[in-house]
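The file query.cif contains mmCIF, C-alpha atoms, pLDDT in the B column; chains and numbers go by the auth columns:
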```
data_start
#
loop_
_atom_site.group_PDB
_atom_site.id
_atom_site.type_symbol
_atom_site.label_atom_id
_atom_site.label_comp_id
_atom_site.label_asym_id
_atom_site.label_seq_id
_atom_site.Cartn_x
_atom_site.Cartn_y
_atom_site.Cartn_z
_atom_site.B_iso_or_equiv
_atom_site.auth_seq_id
_atom_site.auth_asym_id
ATOM 1 C CA MET A 1 7.691 -145.733 77.915 52.00 1 A
ATOM 2 C CA HIS A 2 8.646 -147.054 81.347 54.00 2 A
ATOM 3 C CA ALA A 3 11.204 -145.009 83.332 52.00 3 A
ATOM 4 C CA SER A 4 13.638 -147.947 83.538 50.00 4 A
ATOM 5 C CA ALA A 5 13.867 -147.961 79.745 51.00 5 A
ATOM 6 C CA HIS A 6 15.529 -144.530 79.865 44.00 6 A
ATOM 7 C CA ARG A 7 18.310 -145.587 82.283 44.00 7 A
ATOM 8 C CA PRO A 8 20.689 -146.862 79.561 43.00 8 A
ATOM 9 C CA LEU A 9 20.331 -143.546 77.721 39.00 9 A
ATOM 10 C CA ARG A 10 21.046 -141.571 80.899 39.00 10 A
ATOM 11 C CA ARG A 11 24.068 -143.753 81.664 40.00 11 A
ATOM 12 C CA ALA A 12 25.360 -143.287 78.128 34.00 12 A
ATOM 13 C CA ALA A 13 24.912 -139.509 78.403 36.00 13 A
ATOM 14 C CA VAL A 14 26.792 -139.405 81.728 31.00 14 A
ATOM 15 C CA LEU A 15 29.602 -141.582 80.311 31.00 15 A
ATOM 16 C CA LEU A 16 29.852 -139.360 77.230 31.00 16 A
ATOM 17 C CA GLY A 17 30.085 -136.283 79.484 36.00 17 A
ATOM 18 C CA TRP A 18 32.908 -137.863 81.488 33.00 18 A
ATOM 19 C CA LEU A 19 34.785 -138.826 78.326 34.00 19 A
ATOM 20 C CA LEU A 20 34.466 -135.343 76.863 36.00 20 A
ATOM 21 C CA ALA A 21 35.665 -133.782 80.113 37.00 21 A
ATOM 22 C CA ALA A 22 38.656 -136.144 80.254 40.00 22 A
ATOM 23 C CA CYS A 23 39.670 -135.362 76.661 40.00 23 A
ATOM 24 C CA SER A 24 39.196 -131.589 76.911 40.00 24 A
ATOM 25 C CA PRO A 25 42.249 -129.439 77.499 42.00 25 A
ATOM 26 C CA PRO A 26 42.467 -127.976 80.995 43.00 26 A
ATOM 27 C CA PRO A 27 41.315 -124.367 81.392 39.00 27 A
ATOM 28 C CA GLN A 28 44.059 -121.831 80.821 38.00 28 A
ATOM 29 C CA ALA A 29 45.385 -119.849 83.728 37.00 29 A
ATOM 30 C CA PRO A 30 45.363 -116.061 83.454 33.00 30 A
ATOM 31 C CA GLY A 31 48.211 -114.894 81.258 37.00 31 A
ATOM 32 C CA GLU A 32 48.433 -118.144 79.314 40.00 32 A
ATOM 33 C CA GLY A 33 47.724 -118.156 75.605 42.00 33 A
ATOM 34 C CA ASP A 34 50.334 -115.469 74.932 55.00 34 A
ATOM 35 C CA GLY A 35 52.873 -117.849 73.424 85.00 35 A
ATOM 36 C CA ALA A 36 53.528 -120.959 71.444 95.00 36 A
ATOM 37 C CA ARG A 37 51.307 -124.044 71.566 97.00 37 A
ATOM 38 C CA VAL A 38 52.877 -127.476 72.146 98.00 38 A
ATOM 39 C CA GLU A 39 51.181 -130.744 71.219 98.00 39 A
ATOM 40 C CA ALA A 40 52.622 -134.100 72.276 97.00 40 A
ATOM 41 C CA ASP A 41 52.000 -136.334 69.254 96.00 41 A
ATOM 42 C CA VAL A 42 51.425 -139.576 71.173 95.00 42 A
ATOM 43 C CA PHE A 43 47.894 -140.841 70.552 92.00 43 A
ATOM 44 C CA SER A 44 46.308 -142.430 67.516 87.00 44 A
ATOM 45 C CA GLY A 45 42.553 -141.970 67.324 86.00 45 A
ATOM 46 C CA LEU A 46 42.350 -139.764 70.440 91.00 46 A
ATOM 47 C CA PRO A 47 43.080 -136.061 70.907 94.00 47 A
ATOM 48 C CA ASN A 48 46.723 -135.432 71.701 96.00 48 A
ATOM 49 C CA PRO A 49 47.569 -133.535 74.880 97.00 49 A
ATOM 50 C CA ALA A 50 48.401 -129.893 74.155 97.00 50 A
ATOM 51 C CA TRP A 51 49.308 -126.835 76.197 98.00 51 A
ATOM 52 C CA GLU A 52 50.251 -123.198 75.793 97.00 52 A
ATOM 53 C CA LEU A 53 53.641 -121.802 76.739 97.00 53 A
ATOM 54 C CA ASP A 54 53.718 -118.498 78.575 96.00 54 A
ATOM 55 C CA ALA A 55 55.661 -115.527 77.201 94.00 55 A
ATOM 56 C CA SER A 56 58.848 -116.425 79.082 95.00 56 A
ATOM 57 C CA GLU A 57 58.771 -120.048 77.909 97.00 57 A
ATOM 58 C CA SER A 58 58.019 -118.937 74.348 94.00 58 A
ATOM 59 C CA GLY A 59 61.110 -116.733 74.484 93.00 59 A
ATOM 60 C CA GLU A 60 63.163 -119.695 75.711 96.00 60 A
ATOM 61 C CA LEU A 61 61.710 -121.847 72.921 95.00 61 A
ATOM 62 C CA ALA A 62 62.696 -119.221 70.336 93.00 62 A
ATOM 63 C CA ARG A 63 66.228 -119.037 71.796 94.00 63 A
ATOM 64 C CA ARG A 64 66.602 -122.819 71.689 95.00 64 A
ATOM 65 C CA PHE A 65 65.192 -122.979 68.172 94.00 65 A
ATOM 66 C CA ARG A 66 67.635 -120.321 66.912 92.00 66 A
ATOM 67 C CA GLY A 67 70.489 -122.361 68.409 94.00 67 A
ATOM 68 C CA LEU A 68 69.759 -125.440 66.282 95.00 68 A
ATOM 69 C CA ALA A 69 72.165 -126.305 63.489 95.00 69 A
ATOM 70 C CA PRO A 70 70.764 -126.788 59.981 95.00 70 A
ATOM 71 C CA ALA A 71 70.620 -130.430 58.876 95.00 71 A
ATOM 72 C CA ALA A 72 72.704 -131.518 55.885 92.00 72 A
ATOM 73 C CA GLY A 73 69.506 -132.536 54.072 88.00 73 A
ATOM 74 C CA ALA A 74 65.910 -133.473 54.754 83.00 74 A
ATOM 75 C CA VAL A 75 65.186 -135.204 58.070 86.00 75 A
ATOM 76 C CA GLU A 76 63.210 -138.420 58.447 84.00 76 A
ATOM 77 C CA LEU A 77 60.412 -138.373 61.001 88.00 77 A
ATOM 78 C CA HIS A 78 58.465 -141.386 62.294 83.00 78 A
ATOM 79 C CA GLU A 79 54.839 -141.206 61.166 85.00 79 A
ATOM 80 C CA GLY A 80 53.538 -144.565 62.484 85.00 80 A
ATOM 81 C CA LEU A 81 51.835 -145.480 65.717 89.00 81 A
ATOM 82 C CA GLY A 82 53.153 -144.459 69.122 89.00 82 A
ATOM 83 C CA TYR A 83 55.309 -141.513 70.091 93.00 83 A
ATOM 84 C CA ARG A 84 55.870 -139.106 67.192 95.00 84 A
ATOM 85 C CA GLY A 85 57.474 -136.231 69.081 96.00 85 A
ATOM 86 C CA PHE A 86 56.064 -132.731 69.424 97.00 86 A
ATOM 87 C CA VAL A 87 54.223 -130.377 67.107 97.00 87 A
ATOM 88 C CA VAL A 88 54.753 -126.738 68.029 97.00 88 A
ATOM 89 C CA THR A 89 52.929 -123.754 66.547 95.00 89 A
ATOM 90 C CA GLY A 90 53.685 -120.089 67.055 90.00 90 A
ATOM 91 C CA VAL A 91 57.487 -120.344 67.157 91.00 91 A
ATOM 92 C CA GLU A 92 58.977 -116.899 66.622 84.00 92 A
ATOM 93 C CA THR A 93 62.301 -116.554 64.811 75.00 93 A
ATOM 94 C CA GLU A 94 64.410 -113.567 63.828 69.00 94 A
ATOM 95 C CA THR A 95 62.889 -113.738 60.325 67.00 95 A
ATOM 96 C CA GLY A 96 59.253 -114.086 61.482 74.00 96 A
ATOM 97 C CA GLY A 97 57.230 -117.010 62.702 85.00 97 A
ATOM 98 C CA CYS A 98 57.050 -120.685 61.878 90.00 98 A
ATOM 99 C CA GLU A 99 53.606 -122.070 61.281 91.00 99 A
ATOM 100 C CA ARG A 100 54.497 -125.581 62.419 94.00 100 A
ATOM 101 C CA VAL A 101 57.599 -127.170 63.936 96.00 101 A
ATOM 102 C CA ARG A 102 57.928 -130.949 64.444 96.00 102 A
ATOM 103 C CA VAL A 103 60.540 -132.115 66.964 97.00 103 A
ATOM 104 C CA GLN A 104 61.324 -135.816 67.136 96.00 104 A
ATOM 105 C CA GLY A 105 64.274 -138.088 67.850 94.00 105 A
ATOM 106 C CA GLY A 106 66.977 -135.455 67.421 94.00 106 A
ATOM 107 C CA ALA A 107 65.486 -134.031 64.231 95.00 107 A
ATOM 108 C CA VAL A 108 63.476 -130.848 63.698 96.00 108 A
ATOM 109 C CA GLN A 109 61.356 -130.039 60.669 95.00 109 A
ATOM 110 C CA ALA A 110 59.997 -126.494 60.482 95.00 110 A
ATOM 111 C CA ALA A 111 57.448 -124.956 58.122 93.00 111 A
ATOM 112 C CA CYS A 112 58.363 -121.272 58.101 91.00 112 A
ATOM 113 C CA GLY A 113 57.108 -118.699 55.621 88.00 113 A
ATOM 114 C CA GLY A 114 56.059 -121.276 53.040 89.00 114 A
ATOM 115 C CA GLU A 115 59.290 -123.280 53.078 91.00 115 A
ATOM 116 C CA THR A 116 60.349 -126.397 54.963 92.00 116 A
ATOM 117 C CA ARG A 117 63.609 -126.279 56.891 92.00 117 A
ATOM 118 C CA ALA A 118 65.444 -129.144 58.608 95.00 118 A
ATOM 119 C CA TYR A 119 67.578 -128.919 61.749 96.00 119 A
ATOM 120 C CA VAL A 120 69.371 -131.258 64.106 96.00 120 A
ATOM 121 C CA ASP A 121 68.608 -131.330 67.828 95.00 121 A
ATOM 122 C CA PRO A 122 71.876 -132.605 69.357 89.00 122 A
ATOM 123 C CA GLU A 123 71.320 -134.729 72.450 94.00 123 A
ATOM 124 C CA ARG A 124 67.570 -134.125 71.905 96.00 124 A
ATOM 125 C CA ALA A 125 67.900 -131.042 74.117 97.00 125 A
ATOM 126 C CA LEU A 126 64.940 -129.167 72.601 97.00 126 A
ATOM 127 C CA GLU A 127 62.798 -132.296 72.639 97.00 127 A
ATOM 128 C CA ARG A 128 63.580 -132.976 76.318 97.00 128 A
ATOM 129 C CA TRP A 129 62.881 -129.352 77.209 98.00 129 A
ATOM 130 C CA LEU A 130 59.482 -129.559 75.473 98.00 130 A
ATOM 131 C CA ALA A 131 58.729 -132.745 77.441 97.00 131 A
ATOM 132 C CA ARG A 132 59.488 -130.900 80.682 97.00 132 A
ATOM 133 C CA THR A 133 56.994 -128.143 79.786 98.00 133 A
ATOM 134 C CA ALA A 134 54.226 -130.779 80.010 97.00 134 A
ATOM 135 C CA GLU A 135 54.660 -131.034 83.785 97.00 135 A
ATOM 136 C CA GLY A 136 51.596 -129.629 85.506 96.00 136 A
ATOM 137 C CA ARG A 137 49.835 -129.221 82.156 96.00 137 A
ATOM 138 C CA ALA A 138 49.322 -132.804 81.026 96.00 138 A
ATOM 139 C CA GLU A 139 48.171 -135.901 82.860 95.00 139 A
ATOM 140 C CA PRO A 140 50.924 -137.484 85.004 97.00 140 A
ATOM 141 C CA GLU A 141 50.878 -140.660 82.877 95.00 141 A
ATOM 142 C CA VAL A 142 51.478 -138.585 79.730 95.00 142 A
ATOM 143 C CA VAL A 143 54.346 -136.714 81.423 96.00 143 A
ATOM 144 C CA ARG A 144 55.897 -140.046 82.498 96.00 144 A
ATOM 145 C CA ARG A 145 55.612 -141.420 78.975 95.00 145 A
ATOM 146 C CA LEU A 146 57.174 -138.305 77.451 96.00 146 A
ATOM 147 C CA ARG A 147 60.119 -138.558 79.858 95.00 147 A
ATOM 148 C CA GLU A 148 60.611 -142.224 78.910 95.00 148 A
ATOM 149 C CA GLU A 149 60.414 -141.500 75.175 94.00 149 A
ATOM 150 C CA THR A 150 62.847 -138.582 75.299 95.00 150 A
ATOM 151 C CA GLY A 151 65.261 -140.121 77.782 90.00 151 A
ATOM 152 C CA GLY A 152 64.708 -137.244 80.183 78.00 152 A
#
```

Output the file's structure in the form of structure tokens.
Amino acid sequence: MHASAHRPLRRAAVLLGWLLAACSPPPQAPGEGDGARVEADVFSGLPNPAWELDASESGELARRFRGLAPAAGAVELHEGLGYRGFVVTGVETETGGCERVRVQGGAVQAACGGETRAYVDPERALERWLARTAEGRAEPEVVRRLREETGG
């Protein structure tokens, strides 16, 4: 086979490498990975941006989570296209950990110890704080979009 016939394959391989590098999470700094993991649920069909909170931020997350008021009933969360809030894993509470916490539009739904709990996030304070933790960890365009979506 002629060498020019292999060029499209080489180009495709280079493009695939660039795409994989762009979609991969950034390498963790020393000391990261000790806390909760935050995922901005913003993309459909592409990996969502995600980052680890350090120990101090995880403590702040736990404090903010404990300060939420229980909702009167179940909370409704948007499941369609576009911004769907944050998914947080590794949230520590006074009664143990929560496997998965969804924060969106002033509502919080937490799966903790096999049960689902609902909370309200007045003024979207927890949601805005989570958006701020993306700074320096997610692409600038993602950070801008999160600020727009959360009003922060």

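Residue nearest A:Glu92 within the list A:Ala72, A:Leu53, A:Leu61, A:Leu77: A:Leu61 [criterion: smallest interatomic distance, all atoms listed in the file].
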
Selection result for the PyMOL selection byres ((chain A and resi 126-130) around 7) on this file, as a PyMOL selection string: chain A and resi 64+103-104+121+124-125+131-133+150+152

Reference answer for the PyMOL selection byres ((chain A and resi 41) around 10), as an MDAnalysis selection string: chainID A and resid 38:40 42:44 47:50 79 81:87 102:104 146

Answer key for the PyMOL selection byres ((chain A and resi 91) around 12), residues as a ChimeraX atom specification: /A:34-38,52-53,55,57-66,87-90,92-102,110-113

Distance in Å - atom CA of A:Arg117 versus atom CA of A:Ala134: 25.4 Å

Gap from atom CA of A:Glu123 to atom CA of A:Glu135 - Å, one decimal: 20.5 Å

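Nearest to A:Pro122 of all the residues A:Gly45, A:Gly136, A:Gly106, A:Gly73 is A:Gly106, counting all atoms listed in the file.
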
For atom CA of A:Val142 and atom CA of A:Trp51, the interatomic separation in Å (one decimal): 12.5 Å

Draw an axis-aligned box over all listed atoms of stretch 34-43 of chain A, pad each side with 6 Å, and write its centre and edge lengths in Å, one decimal, as AutoDock Vina command-line options.
```
--center_x 50.7 --center_y -128.2 --center_z 72.1 --size_x 17.6 --size_y 37.4 --size_z 17.7
```

Add whatever atoms are absent from stretch 133-147 of chain A to reach N, CA and C atoms, and provide the output as a short mmCIF file (atom, residue, chain, number, x, y, z; two decimals), keeping the file's coordinate frame.
```
data_model
loop_
_atom_site.label_atom_id
_atom_site.label_comp_id
_atom_site.auth_asym_id
_atom_site.auth_seq_id
_atom_site.Cartn_x
_atom_site.Cartn_y
_atom_site.Cartn_z
N THR A 133 58.06 -129.15 79.71
CA THR A 133 56.99 -128.14 79.79
C THR A 133 55.62 -128.78 79.98
N ALA A 134 55.51 -130.09 79.81
CA ALA A 134 54.23 -130.78 80.01
C ALA A 134 53.89 -130.92 81.48
N GLU A 135 54.89 -130.85 82.35
CA GLU A 135 54.66 -131.03 83.78
C GLU A 135 53.67 -130.01 84.31
N GLY A 136 52.64 -130.49 84.98
CA GLY A 136 51.60 -129.63 85.51
C GLY A 136 50.56 -129.22 84.48
N ARG A 137 50.77 -129.60 83.22
CA ARG A 137 49.84 -129.22 82.16
C ARG A 137 49.20 -130.43 81.48
N ALA A 138 49.84 -131.56 81.61
CA ALA A 138 49.32 -132.80 81.03
C ALA A 138 49.16 -133.83 82.15
N GLU A 139 48.39 -134.85 81.87
CA GLU A 139 48.17 -135.90 82.86
C GLU A 139 49.51 -136.52 83.27
N PRO A 140 49.66 -136.90 84.53
CA PRO A 140 50.92 -137.48 85.00
C PRO A 140 51.40 -138.67 84.17
N GLU A 141 50.49 -139.51 83.70
CA GLU A 141 50.88 -140.66 82.88
C GLU A 141 51.48 -140.19 81.54
N VAL A 142 50.94 -139.14 80.98
CA VAL A 142 51.48 -138.58 79.73
C VAL A 142 52.87 -138.03 79.99
N VAL A 143 53.04 -137.29 81.08
CA VAL A 143 54.35 -136.71 81.42
C VAL A 143 55.37 -137.84 81.59
N ARG A 144 55.00 -138.90 82.30
CA ARG A 144 55.90 -140.05 82.50
C ARG A 144 56.30 -140.66 81.16
N ARG A 145 55.32 -140.84 80.29
CA ARG A 145 55.61 -141.42 78.97
C ARG A 145 56.54 -140.52 78.14
N LEU A 146 56.32 -139.23 78.20
CA LEU A 146 57.17 -138.30 77.45
C LEU A 146 58.60 -138.35 77.96
N ARG A 147 58.76 -138.44 79.28
CA ARG A 147 60.12 -138.56 79.86
C ARG A 147 60.79 -139.85 79.39
#
```
